[in-house]
Amino acid sequence: MMQAIVATGLGGPEVLELRSVPLHWPRGSGDVLVRLKAAAINPADAYFRRHGPYVQSTGPFIPGHDGAGEVEAVGSQVRRFKPGDAVCFCNGGIGGDPGTYAEFAVVPASQLVGKPLQVDFIQAAAMPLVAITLWESLYEPGPREIG
């Protein structure tokens with residue numbers, strides 16, 4: 001079990017509630033269990049809280065996309081990370097997979113990066129979704145004019 005903030009309905013911050021919820025570990029052989037030190041709050045979190053999860057859930061869901069923390073355990077196929085490594089990531093928080101408003105997150109190793117030494121956990125938690133947006137704006141082709 002772990003402590004987590006769950007969205008118990010649709011609305012503002014008043015629908016968020018601290019609860020004890022199951023910790024689903026171990027899961028897949030390529031997953032990493034991260035003990036969260038920080039979680040970012042971004043506009044997408046508020047959107048899903050007000051309008052409902054993107055991936056339908058059978059009950060309350062744990063919001064939060066971006067997180068940073070320390071690796072607690074790794075699946076049998078994980079080679080890039082080991083317990084104690086500092087990491088950050090963007091995963092979950094849209095229904096389905098639990099988000100980062102919790103003590104722990106189970107994250108596919110492919111979605112983790114090492115936390116830069118120059119930043120603390122709070123700064124690292126704020127980086128992933130912003131970095132993805134930056135990458136896409138710089139390197140992904142934009143809309144093209146038709147005609």
# chains A, B, ... in the order shown; residues from 1 in each chain; ligands from 1

$ residues_around --residues "Ala125 of chain A" --least-positions-apart "2" --cutoff "12 Å" --atoms "only C-alpha atoms" --output "PyMOL selection string"
chain A and resi 36-42+64-70+86-91+100-101+112-116+119-123+127-131

$ select_by_dssp --residues "segment 4-95 of chain A" --states "helix (DSSP H, G or I)" --output "list in words"
Pro13, Glu14, Val15, Pro43, Ala44, Asp45, Ala46, Tyr47, Phe48, Arg49, Arg50 and His51 of chain A

$ write_last_selection --atoms "C-alpha atoms" --output "PDB file, in the first residue's frame"
ATOM      1  CA  PRO A  13      -8.975  21.031  -5.911  1.00  0.00           C
ATOM      2  CA  GLU A  14     -11.805  20.047  -3.547  1.00  0.00           C
ATOM      3  CA  VAL A  15     -12.133  16.679  -5.357  1.00  0.00           C
ATOM      4  CA  PRO A  43      -2.248  22.592 -16.762  1.00  0.00           C
ATOM      5  CA  ALA A  44      -2.936  19.074 -18.076  1.00  0.00           C
ATOM      6  CA  ASP A  45      -3.376  17.826 -14.498  1.00  0.00           C
ATOM      7  CA  ALA A  46      -6.040  20.464 -13.828  1.00  0.00           C
ATOM      8  CA  TYR A  47      -7.719  19.677 -17.159  1.00  0.00           C
ATOM      9  CA  PHE A  48      -8.097  15.951 -16.384  1.00  0.00           C
ATOM     10  CA  ARG A  49      -9.252  16.730 -12.841  1.00  0.00           C
ATOM     11  CA  ARG A  50     -12.013  19.018 -14.174  1.00  0.00           C
ATOM     12  CA  HIS A  51     -13.061  17.035 -17.262  1.00  0.00           C
TER      13      HIS A  51
END

$ atom_distance --atom1 "atom CA of Gly30 of chain A" --atom2 "atom CA of Arg79 of chain A"
9.0 Å

$ atom_distance --atom1 "atom CA of Ser110 of chain A" --atom2 "atom CA of Val74 of chain A"
12.2 Å

$ atom_distance --atom1 "atom CA of Ser20 of chain A" --atom2 "atom CA of Ala4 of chain A"
6.4 Å

$ closest_residue --among "A:Pro141, A:Pro26, A:Pro60, A:Gly96" --to "Thr8 of chain A" --atoms "only C-alpha atoms"
A:Pro60

$ select_by_dssp --residues "chain A" --states "strand (DSSP E)" --output "PyMOL selection string"
chain A and resi 2-7+16-21+31-39+66-74+86-90+104-108+112-114

$ closest_residue --among "A:Ala73, A:Leu138, A:Val106, A:Val78" --to "His24 of chain A" --atoms "only C-alpha atoms"
A:Val106

$ residues_around --residues "Ser57 of chain A" --least-positions-apart "4" --cutoff "10 Å" --atoms "only C-alpha atoms" --output "ChimeraX atom specification"
/A:52-53,61,94-97

$ write_last_selection --atoms "C-alpha atoms" --output "compact mmCIF listing (two decimals), in the first residue's frame"
# COMPACT_ATOMS: atom_id res chain seq x y z
CA GLY A 52 -12.22 13.43 -16.42
CA PRO A 53 -9.37 11.09 -17.24
CA PHE A 61 -7.54 8.11 -10.41
CA ILE A 94 -4.43 10.47 -17.28
CA GLY A 95 -6.39 7.53 -15.89
CA GLY A 96 -5.22 3.96 -16.28
CA ASP A 97 -1.64 4.11 -14.97

$ closest_residue --among "A:Leu134, A:Val32, A:Val55, A:Ala124" --to "Val107 of chain A" --atoms "only C-alpha atoms"
A:Val32

$ closest_residue --among "A:Leu16, A:Gln118, A:Pro108, A:Pro63" --to "Gly93 of chain A" --atoms "only C-alpha atoms"
A:Pro63

$ closest_residue --among "A:Gly28, A:Leu10, A:Lys82, A:Leu33" --to "Glu103 of chain A" --atoms "only C-alpha atoms"
A:Leu33
